[in-house]
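Asker: I am attaching a structure below and will ask some questions about it afterwards.
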Amino acid sequence: LPLWPSRLSAALRRIGFIKTILLAITWAYVTTVIPAVAADVIIAWPLFLLLLARFCFMLLLCLIFDMRDIRIDKLHSLHSLATDVSQVVLKRIMLLAFVLYLVAGFLLRYFYTDDYQLASFIITGAAVWIVYRFSLKKPGYVFYYFVVDGLMIFAALATYIAHQLRPSFIPFV
């Protein structure tokens, strides 16, 4: 957004949560809606729940990065969700996103009786929570670039493995 020369982009730069939300929505949309449309598999509730789960997952990762950059962002007068809300509110947002992620995973099981995918959601959610807890200890950049970013690959692999393990008669979105 900052690359667009307009008054709107200048105003949006002052709204810190826009970047975080836009990034999480983009990742969620690209990894759920676009593949569902391409495969001609659009089932409203399951797709919405998967979109919600992916949004929450990406929001958690984005918030971990936002928390890392608080000091630098404040130094350069940059706004982010982490700089615009208190630490207490940020932790509540993290907890809400984590709970919504798991709830969406459990509700998806209602539509698809696939215990492997449910296990994938639980394992991936636990991994994100563990990484979040480690991020509070202020690790180095290697942690963020390999572990936090690596969670996206980990989630994709967990989903792929769960898909390969499921019985062939169960539909998958």
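Each chain of the structure tokens is named A, B, ... in the order shown, its residues numbered from 1; ligands are numbered from 1 in display order.
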Fewer than 4 positions away in the same chain doesn't count, so skip those; otherwise give me all residues within 12 Å of segment 101-109 of chain A, counting only C-alpha atoms, as a PDB file with N, CA, C and O atoms, in the first residue's frame.
Answerer:
```pdb
ATOM      1  N   ILE A  43     -17.987 -25.566  -1.445  1.00  0.00           N
ATOM      2  CA  ILE A  43     -19.015 -25.940  -0.480  1.00  0.00           C
ATOM      3  C   ILE A  43     -18.926 -24.895   0.619  1.00  0.00           C
ATOM      4  O   ILE A  43     -17.920 -24.814   1.323  1.00  0.00           O
ATOM      5  N   ALA A  44     -19.954 -24.089   0.759  1.00  0.00           N
ATOM      6  CA  ALA A  44     -19.891 -22.847   1.528  1.00  0.00           C
ATOM      7  C   ALA A  44     -19.306 -22.982   2.929  1.00  0.00           C
ATOM      8  O   ALA A  44     -18.295 -22.356   3.232  1.00  0.00           O
ATOM      9  N   TRP A  45     -19.925 -23.745   3.796  1.00  0.00           N
ATOM     10  CA  TRP A  45     -19.458 -23.787   5.191  1.00  0.00           C
ATOM     11  C   TRP A  45     -18.066 -24.368   5.350  1.00  0.00           C
ATOM     12  O   TRP A  45     -17.233 -23.788   6.034  1.00  0.00           O
ATOM     13  N   PRO A  46     -17.782 -25.512   4.749  1.00  0.00           N
ATOM     14  CA  PRO A  46     -16.409 -26.028   4.900  1.00  0.00           C
ATOM     15  C   PRO A  46     -15.349 -25.067   4.352  1.00  0.00           C
ATOM     16  O   PRO A  46     -14.302 -24.887   4.963  1.00  0.00           O
ATOM     17  N   LEU A  47     -15.652 -24.433   3.219  1.00  0.00           N
ATOM     18  CA  LEU A  47     -14.685 -23.487   2.652  1.00  0.00           C
ATOM     19  C   LEU A  47     -14.513 -22.289   3.573  1.00  0.00           C
ATOM     20  O   LEU A  47     -13.398 -21.823   3.803  1.00  0.00           O
ATOM     21  N   PHE A  48     -15.614 -21.792   4.135  1.00  0.00           N
ATOM     22  CA  PHE A  48     -15.522 -20.673   5.074  1.00  0.00           C
ATOM     23  C   PHE A  48     -14.706 -21.051   6.300  1.00  0.00           C
ATOM     24  O   PHE A  48     -13.861 -20.283   6.766  1.00  0.00           O
ATOM     25  N   LEU A  49     -14.944 -22.250   6.838  1.00  0.00           N
ATOM     26  CA  LEU A  49     -14.204 -22.688   8.023  1.00  0.00           C
ATOM     27  C   LEU A  49     -12.715 -22.855   7.722  1.00  0.00           C
ATOM     28  O   LEU A  49     -11.865 -22.490   8.535  1.00  0.00           O
ATOM     29  N   LEU A  50     -12.414 -23.398   6.553  1.00  0.00           N
ATOM     30  CA  LEU A  50     -11.008 -23.546   6.175  1.00  0.00           C
ATOM     31  C   LEU A  50     -10.367 -22.175   5.972  1.00  0.00           C
ATOM     32  O   LEU A  50      -9.233 -21.948   6.407  1.00  0.00           O
ATOM     33  N   LEU A  51     -11.102 -21.253   5.362  1.00  0.00           N
ATOM     34  CA  LEU A  51     -10.613 -19.887   5.191  1.00  0.00           C
ATOM     35  C   LEU A  51     -10.361 -19.233   6.551  1.00  0.00           C
ATOM     36  O   LEU A  51      -9.328 -18.601   6.767  1.00  0.00           O
ATOM     37  N   LEU A  52     -11.287 -19.409   7.479  1.00  0.00           N
ATOM     38  CA  LEU A  52     -11.129 -18.859   8.837  1.00  0.00           C
ATOM     39  C   LEU A  52      -9.907 -19.470   9.524  1.00  0.00           C
ATOM     40  O   LEU A  52      -9.108 -18.753  10.142  1.00  0.00           O
ATOM     41  N   ALA A  53      -9.756 -20.778   9.413  1.00  0.00           N
ATOM     42  CA  ALA A  53      -8.615 -21.446  10.049  1.00  0.00           C
ATOM     43  C   ALA A  53      -7.297 -20.933   9.470  1.00  0.00           C
ATOM     44  O   ALA A  53      -6.362 -20.613  10.210  1.00  0.00           O
ATOM     45  N   ARG A  54      -7.219 -20.841   8.145  1.00  0.00           N
ATOM     46  CA  ARG A  54      -5.982 -20.355   7.524  1.00  0.00           C
ATOM     47  C   ARG A  54      -5.725 -18.894   7.879  1.00  0.00           C
ATOM     48  O   ARG A  54      -4.586 -18.490   8.083  1.00  0.00           O
ATOM     49  N   PHE A  55      -6.787 -18.079   7.936  1.00  0.00           N
ATOM     50  CA  PHE A  55      -6.624 -16.683   8.323  1.00  0.00           C
ATOM     51  C   PHE A  55      -6.048 -16.595   9.736  1.00  0.00           C
ATOM     52  O   PHE A  55      -5.101 -15.848   9.990  1.00  0.00           O
ATOM     53  N   CYS A  56      -6.625 -17.360  10.656  1.00  0.00           N
ATOM     54  CA  CYS A  56      -6.146 -17.327  12.047  1.00  0.00           C
ATOM     55  C   CYS A  56      -4.709 -17.820  12.146  1.00  0.00           C
ATOM     56  O   CYS A  56      -3.898 -17.252  12.881  1.00  0.00           O
ATOM     57  N   PHE A  57      -4.378 -18.860  11.405  1.00  0.00           N
ATOM     58  CA  PHE A  57      -3.018 -19.389  11.395  1.00  0.00           C
ATOM     59  C   PHE A  57      -2.036 -18.317  10.926  1.00  0.00           C
ATOM     60  O   PHE A  57      -1.015 -18.053  11.573  1.00  0.00           O
ATOM     61  N   MET A  58      -2.352 -17.676   9.806  1.00  0.00           N
ATOM     62  CA  MET A  58      -1.461 -16.642   9.283  1.00  0.00           C
ATOM     63  C   MET A  58      -1.435 -15.416  10.182  1.00  0.00           C
ATOM     64  O   MET A  58      -0.394 -14.773  10.332  1.00  0.00           O
ATOM     65  N   LEU A  59      -2.559 -15.089  10.798  1.00  0.00           N
ATOM     66  CA  LEU A  59      -2.596 -13.965  11.731  1.00  0.00           C
ATOM     67  C   LEU A  59      -1.656 -14.223  12.902  1.00  0.00           C
ATOM     68  O   LEU A  59      -0.920 -13.329  13.334  1.00  0.00           O
ATOM     69  N   LEU A  60      -1.654 -15.449  13.400  1.00  0.00           N
ATOM     70  CA  LEU A  60      -0.743 -15.799  14.489  1.00  0.00           C
ATOM     71  C   LEU A  60       0.715 -15.591  14.067  1.00  0.00           C
ATOM     72  O   LEU A  60       1.506 -15.005  14.811  1.00  0.00           O
ATOM     73  N   MET A  94      -3.931 -12.845  20.193  1.00  0.00           N
ATOM     74  CA  MET A  94      -3.244 -14.112  19.899  1.00  0.00           C
ATOM     75  C   MET A  94      -4.070 -15.296  20.390  1.00  0.00           C
ATOM     76  O   MET A  94      -4.258 -16.276  19.656  1.00  0.00           O
ATOM     77  N   LEU A  95      -4.572 -15.208  21.609  1.00  0.00           N
ATOM     78  CA  LEU A  95      -5.366 -16.299  22.176  1.00  0.00           C
ATOM     79  C   LEU A  95      -6.652 -16.502  21.383  1.00  0.00           C
ATOM     80  O   LEU A  95      -7.026 -17.642  21.089  1.00  0.00           O
ATOM     81  N   LEU A  96      -7.316 -15.417  21.011  1.00  0.00           N
ATOM     82  CA  LEU A  96      -8.548 -15.521  20.233  1.00  0.00           C
ATOM     83  C   LEU A  96      -8.278 -16.169  18.876  1.00  0.00           C
ATOM     84  O   LEU A  96      -9.022 -17.063  18.450  1.00  0.00           O
ATOM     85  N   ALA A  97      -7.219 -15.751  18.202  1.00  0.00           N
ATOM     86  CA  ALA A  97      -6.880 -16.338  16.907  1.00  0.00           C
ATOM     87  C   ALA A  97      -6.547 -17.821  17.058  1.00  0.00           C
ATOM     88  O   ALA A  97      -6.951 -18.644  16.226  1.00  0.00           O
ATOM     89  N   THR A 113     -15.461 -36.393   8.075  1.00  0.00           N
ATOM     90  CA  THR A 113     -15.065 -37.240   9.194  1.00  0.00           C
ATOM     91  C   THR A 113     -13.646 -37.751   8.972  1.00  0.00           C
ATOM     92  O   THR A 113     -13.411 -38.920   8.718  1.00  0.00           O
ATOM     93  N   ASP A 114     -12.734 -36.855   9.076  1.00  0.00           N
ATOM     94  CA  ASP A 114     -11.340 -37.155   8.792  1.00  0.00           C
ATOM     95  C   ASP A 114     -10.489 -36.860  10.027  1.00  0.00           C
ATOM     96  O   ASP A 114     -10.118 -35.719  10.279  1.00  0.00           O
ATOM     97  N   ASP A 115     -10.209 -37.890  10.801  1.00  0.00           N
ATOM     98  CA  ASP A 115      -9.422 -37.722  12.017  1.00  0.00           C
ATOM     99  C   ASP A 115      -7.992 -37.282  11.719  1.00  0.00           C
ATOM    100  O   ASP A 115      -7.370 -36.604  12.530  1.00  0.00           O
ATOM    101  N   TYR A 116      -7.470 -37.656  10.573  1.00  0.00           N
ATOM    102  CA  TYR A 116      -6.105 -37.266  10.220  1.00  0.00           C
ATOM    103  C   TYR A 116      -5.995 -35.752  10.038  1.00  0.00           C
ATOM    104  O   TYR A 116      -5.020 -35.135  10.476  1.00  0.00           O
ATOM    105  N   GLN A 117      -6.975 -35.153   9.367  1.00  0.00           N
ATOM    106  CA  GLN A 117      -6.950 -33.701   9.205  1.00  0.00           C
ATOM    107  C   GLN A 117      -7.125 -33.004  10.551  1.00  0.00           C
ATOM    108  O   GLN A 117      -6.510 -31.975  10.809  1.00  0.00           O
ATOM    109  N   LEU A 118      -7.977 -33.546  11.408  1.00  0.00           N
ATOM    110  CA  LEU A 118      -8.153 -32.975  12.742  1.00  0.00           C
ATOM    111  C   LEU A 118      -6.837 -33.041  13.518  1.00  0.00           C
ATOM    112  O   LEU A 118      -6.433 -32.074  14.156  1.00  0.00           O
ATOM    113  N   ALA A 119      -6.159 -34.170  13.440  1.00  0.00           N
ATOM    114  CA  ALA A 119      -4.858 -34.304  14.100  1.00  0.00           C
ATOM    115  C   ALA A 119      -3.863 -33.300  13.520  1.00  0.00           C
ATOM    116  O   ALA A 119      -3.076 -32.694  14.262  1.00  0.00           O
ATOM    117  N   SER A 120      -3.921 -33.091  12.210  1.00  0.00           N
ATOM    118  CA  SER A 120      -3.052 -32.112  11.570  1.00  0.00           C
ATOM    119  C   SER A 120      -3.315 -30.713  12.116  1.00  0.00           C
ATOM    120  O   SER A 120      -2.377 -29.968  12.408  1.00  0.00           O
ATOM    121  N   PHE A 121      -4.588 -30.351  12.276  1.00  0.00           N
ATOM    122  CA  PHE A 121      -4.930 -29.053  12.852  1.00  0.00           C
ATOM    123  C   PHE A 121      -4.397 -28.918  14.275  1.00  0.00           C
ATOM    124  O   PHE A 121      -3.826 -27.897  14.644  1.00  0.00           O
ATOM    125  N   ILE A 122      -4.593 -29.941  15.069  1.00  0.00           N
ATOM    126  CA  ILE A 122      -4.165 -29.887  16.469  1.00  0.00           C
ATOM    127  C   ILE A 122      -2.644 -29.790  16.567  1.00  0.00           C
ATOM    128  O   ILE A 122      -2.110 -28.970  17.321  1.00  0.00           O
ATOM    129  N   ILE A 123      -1.941 -30.608  15.806  1.00  0.00           N
ATOM    130  CA  ILE A 123      -0.474 -30.594  15.836  1.00  0.00           C
ATOM    131  C   ILE A 123       0.061 -29.251  15.346  1.00  0.00           C
ATOM    132  O   ILE A 123       0.962 -28.666  15.960  1.00  0.00           O
ATOM    133  N   THR A 124      -0.494 -28.755  14.249  1.00  0.00           N
ATOM    134  CA  THR A 124      -0.052 -27.469  13.710  1.00  0.00           C
ATOM    135  C   THR A 124      -0.363 -26.342  14.694  1.00  0.00           C
ATOM    136  O   THR A 124       0.466 -25.456  14.918  1.00  0.00           O
ATOM    137  N   GLY A 125      -1.552 -26.368  15.294  1.00  0.00           N
ATOM    138  CA  GLY A 125      -1.911 -25.354  16.290  1.00  0.00           C
ATOM    139  C   GLY A 125      -0.978 -25.391  17.489  1.00  0.00           C
ATOM    140  O   GLY A 125      -0.535 -24.341  17.966  1.00  0.00           O
ATOM    141  N   ALA A 126      -0.667 -26.588  17.967  1.00  0.00           N
ATOM    142  CA  ALA A 126       0.254 -26.716  19.097  1.00  0.00           C
ATOM    143  C   ALA A 126       1.644 -26.194  18.727  1.00  0.00           C
ATOM    144  O   ALA A 126       2.293 -25.515  19.534  1.00  0.00           O
ATOM    145  N   VAL A 128       2.351 -23.860  16.534  1.00  0.00           N
ATOM    146  CA  VAL A 128       2.304 -22.396  16.496  1.00  0.00           C
ATOM    147  C   VAL A 128       2.336 -21.831  17.908  1.00  0.00           C
ATOM    148  O   VAL A 128       3.031 -20.860  18.189  1.00  0.00           O
ATOM    149  N   TRP A 129       1.594 -22.451  18.815  1.00  0.00           N
ATOM    150  CA  TRP A 129       1.566 -21.947  20.193  1.00  0.00           C
ATOM    151  C   TRP A 129       2.938 -22.084  20.857  1.00  0.00           C
ATOM    152  O   TRP A 129       3.384 -21.181  21.561  1.00  0.00           O
ATOM    153  N   THR A 159      -0.846 -31.102   6.431  1.00  0.00           N
ATOM    154  CA  THR A 159      -2.099 -31.260   5.689  1.00  0.00           C
ATOM    155  C   THR A 159      -1.936 -32.286   4.574  1.00  0.00           C
ATOM    156  O   THR A 159      -2.805 -33.137   4.362  1.00  0.00           O
ATOM    157  N   ILE A 170     -13.422 -40.443   1.483  1.00  0.00           N
ATOM    158  CA  ILE A 170     -13.787 -39.223   2.191  1.00  0.00           C
ATOM    159  C   ILE A 170     -13.404 -38.022   1.334  1.00  0.00           C
ATOM    160  O   ILE A 170     -12.263 -37.915   0.919  1.00  0.00           O
ATOM    161  N   PRO A 171     -14.364 -37.114   1.077  1.00  0.00           N
ATOM    162  CA  PRO A 171     -14.014 -35.936   0.266  1.00  0.00           C
ATOM    163  C   PRO A 171     -13.060 -35.012   1.002  1.00  0.00           C
ATOM    164  O   PRO A 171     -13.038 -34.970   2.216  1.00  0.00           O
ATOM    165  N   PHE A 172     -12.284 -34.283   0.255  1.00  0.00           N
ATOM    166  CA  PHE A 172     -11.308 -33.354   0.820  1.00  0.00           C
ATOM    167  C   PHE A 172     -11.418 -32.013   0.118  1.00  0.00           C
ATOM    168  O   PHE A 172     -11.524 -31.963  -1.092  1.00  0.00           O
ATOM    169  N   VAL A 173     -11.409 -30.935   0.891  1.00  0.00           N
ATOM    170  CA  VAL A 173     -11.431 -29.595   0.306  1.00  0.00           C
ATOM    171  C   VAL A 173     -10.098 -28.952   0.581  1.00  0.00           C
ATOM    172  O   VAL A 173      -9.611 -28.944   1.643  1.00  0.00           O
TER     173      VAL A 173
END
```
Asker: Quick one: which segment 2-113 of chain A residues come within 10 Å of segment 130-150 of chain A, and what is the nearest atom pair for each with the distance in Å to one decimal, counting only C-alpha atoms, rows ordered by chain and ascending number, as CSV?
Answerer:
```
residue,atom,partner,partner_atom,distance
A:Leu60,CA,A:Tyr132,CA,8.1
A:Leu61,CA,A:Val148,CA,6.7
A:Cys62,CA,A:Val148,CA,9.3
A:Leu63,CA,A:Tyr132,CA,9.1
A:Ile64,CA,A:Tyr132,CA,6.4
A:Phe65,CA,A:Tyr144,CA,7.4
A:Met67,CA,A:Leu136,CA,8.5
A:Arg68,CA,A:Lys138,CA,7.2
A:Met94,CA,A:Tyr132,CA,9.0
```
Asker: Of the candidates A:Phe17, A:Ala156, A:Leu151, A:Gln164, which shows the shortest atom-to-atom distance to Ile93 of chain A, using only C-alpha atoms?
Answerer: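 The answer is A:Phe17, which sits nearest to Ile93 of chain A.
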Asker: Taking the DSSP assignment computed from this structure's backbone, write out as a VMD selection string all residues of segment 13-164 of chain A that belong to alpha helix (DSSP H).
Answerer: chain A and resid 13 17 to 38 44 to 68 70 to 75 81 to 84 87 to 111 115 to 135 141 to 142 150 to 164
